[in-house]
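Encoded as structure tokens, the structure appears first; notes follow it.
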Amino acid sequence: MFTFFIFFIIKQISLPDVIHNSTFSQQILPLVFKQRIQHLKLTPNRIMYLVKTPQLIQNLFPNFTWRIPTEEKVIYLTFDDGPIPEVTPWVLDQLKKYQAKATFFCVGENVKKNAPVFDQVVNSGHTVGNHTFNHLNGWGTENIPYFHNIRNCAHLVKSSLFRPPYGRMLPKQAQFLQRHYQIVMWDVLSGDFDPDITKEKCLENVIKNTKTGSIIVFHDSLKAKDKLEYVLPKVLEHFSKQGFRFETLKEKEEVLN
Ligand SMILES: [Zn+2]
């Protein structure tokens with residue numbers, strides 16, 4: 001499951017001092033996000049996330065991949081937290097109907113448990129990325145165990161793409177990982193994991209915010225299953241009709257093993 005707690009991210013990742021200034025975070029940021037306030041959601045358990053990642057945040061972390069700059073009608077679908085037999089093969093079927101390719105950020109323990117499903121993903125021409133072995137939250141994990149966990153996943157998932165679970169990393173973790181991985185974030189978060197939004201709202205999140213080169217987050221997980229089954233076919237149909245194609249994210253050549 002993904003949350004993107006933007007203000008925490010700003011406090012956690014090393015940034016110029018101005019960002020840590022309380023006036024900036026309390027007064028300037030809300031101004032910047034004024035246009036986005038309708039996308040900002042506070043759930044009862046106080047998980048906050050932004051459906052559309054503001055350009056400001058993308059600019060603050062230029063080494064992370066937020067979207068792929070292009071004028072071409074290309075969209076990058078990503079599926080996190082699988083592979084699992086209950087959802088992933090269904091996703092593959094949907095993608096196939098539209099000759100769509102996608103990127104799957106896999107959790108190592110799921111790959112281990114569901115090796116045939118993982119093989120099916122790879123053999124279908126999709127790209128895979130590392131999402132840690134146990135879906136660890138970087139904020140609550142010491143650096144060394146965090147890196148070991150990623151390495152354990154890397155033994156199963158050969159990829160130079162990494163996406164931190166929950167979008168959360170500590171500054172030192174990000175600095176180290178960037179030397180070996182392309183850190184892939186997103187510019188559109190579908191909210192398919194969110195029990196407090198309707199499937200229609202989840203679809204709207206994607207339709208309204210996607211543009212050329214967008215990286216969209218879905219989850220091939222049980223938690224997201226119901227929404228995904230409604231939203232994914234519609235997203236594929238909607239953007240295909242508009243002349244978009246769906247491609248995998250390209251890996252850097254260097255792979256950490
Ligand atoms: Zn995840």
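Each chain of the structure tokens is named A, B, ... in the order shown, its residues numbered from 1; ligands are numbered from 1 in display order.
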
Residues contacting ligand 1 - anything with an atom at most 9 Å away, using only C-alpha atoms and all ligand atoms - can you give me those as a PyMOL selection string?
chain A and resi 1-3+79-82+105-107+131-132+135-136+163-167+219

I'd like to know which residues of segment 5-234 of chain A are alpha helix (DSSP H) (by DSSP, run on the backbone); could you write them as a ChimeraX atom specification?
/A:6-12,17-20,22-23,29-32,55-60,88-97,108-113,115-123,143-156,171-180,199-209,225-234

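Here atom CA of Gly243 of chain A stands at a distance of 20.1 Å from atom CA of Thr103 of chain A.
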
Show which residues sit within 10 Å of Leu236 of chain A, as a list of chain:residue names. Count only C-alpha atoms, and ignore same-chain residues fewer than 2 positions away.
A:Leu77, A:Gln94, A:Leu95, A:Lys97, A:Tyr98, A:Gln99, A:Ala100, A:Val231, A:Leu232, A:Pro233, A:Lys234, A:His238, A:Phe239, A:Ser240, A:Lys241, A:Phe244, A:Arg245, A:Phe246

Keeping C-alpha atoms for every residue in the selection just given, could you write it to a file as a PDB file, in the first residue's frame?
```pdb
ATOM      1  CA  LEU A  77       1.539   1.977 -15.810  1.00  0.00           C
ATOM      2  CA  GLN A  94      -6.030  -6.931 -19.316  1.00  0.00           C
ATOM      3  CA  LEU A  95      -2.732  -5.495 -20.496  1.00  0.00           C
ATOM      4  CA  LYS A  97      -5.887  -6.991 -24.686  1.00  0.00           C
ATOM      5  CA  TYR A  98      -4.400  -3.567 -25.422  1.00  0.00           C
ATOM      6  CA  GLN A  99      -0.825  -4.669 -26.255  1.00  0.00           C
ATOM      7  CA  ALA A 100       0.087  -2.680 -23.156  1.00  0.00           C
ATOM      8  CA  VAL A 231     -10.572   0.951 -13.079  1.00  0.00           C
ATOM      9  CA  LEU A 232      -7.855  -0.784 -15.103  1.00  0.00           C
ATOM     10  CA  PRO A 233      -9.976  -1.907 -18.096  1.00  0.00           C
ATOM     11  CA  LYS A 234     -11.486   1.575 -18.292  1.00  0.00           C
ATOM     12  CA  HIS A 238      -9.942   5.421 -22.420  1.00  0.00           C
ATOM     13  CA  PHE A 239      -6.334   6.198 -23.210  1.00  0.00           C
ATOM     14  CA  SER A 240      -6.054   3.706 -26.071  1.00  0.00           C
ATOM     15  CA  LYS A 241      -8.984   5.431 -27.769  1.00  0.00           C
ATOM     16  CA  PHE A 244      -1.918   6.583 -26.156  1.00  0.00           C
ATOM     17  CA  ARG A 245       0.272   3.532 -25.857  1.00  0.00           C
ATOM     18  CA  PHE A 246       1.492   1.910 -22.644  1.00  0.00           C
TER      19      PHE A 246
END
```

Tell me, as a list in words, which residues lie within 7 Å of Ile183 of chain A, counting only C-alpha atoms; anything in the same chain fewer than 5 positions away does not count.
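Residues near the query, excluding close chain neighbours: Phe64, Thr65, Leu161, Phe162, Arg163 and Gln178 of chain A.
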
How about saving the chosen residues, C-alpha atoms kept, as a compact mmCIF listing (two decimals), in the first residue's frame?
```txt
# COMPACT_ATOMS: atom_id res chain seq x y z
CA PHE A 64 14.06 10.54 -8.71
CA THR A 65 12.01 9.55 -11.75
CA LEU A 161 14.63 0.05 -10.84
CA PHE A 162 13.68 0.60 -7.21
CA ARG A 163 10.56 2.05 -5.69
CA GLN A 178 20.66 6.34 -5.96
```

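Counting only C-alpha atoms, the residue from A:Lys73, A:Lys227, A:Lys158, A:Lys96 that sits nearest to Gly213 of chain A is A:Lys73.
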
Could you check which of A:Phe176, A:Trp186, A:Trp90, A:Tyr146 is closest to Leu50 of chain A, using only C-alpha atoms?
A:Trp186

Nearest to Ser221 of chain A: which of A:Val87, A:Ile197, A:Ile68, A:Ala154 is it, counting only C-alpha atoms?
A:Val87

Contacts of Thr210 of chain A within 8 Å, only C-alpha atoms, excl. fewer than 5 positions in-chain, as JSON, numbers by chain
{"A": [75, 188, 216]}
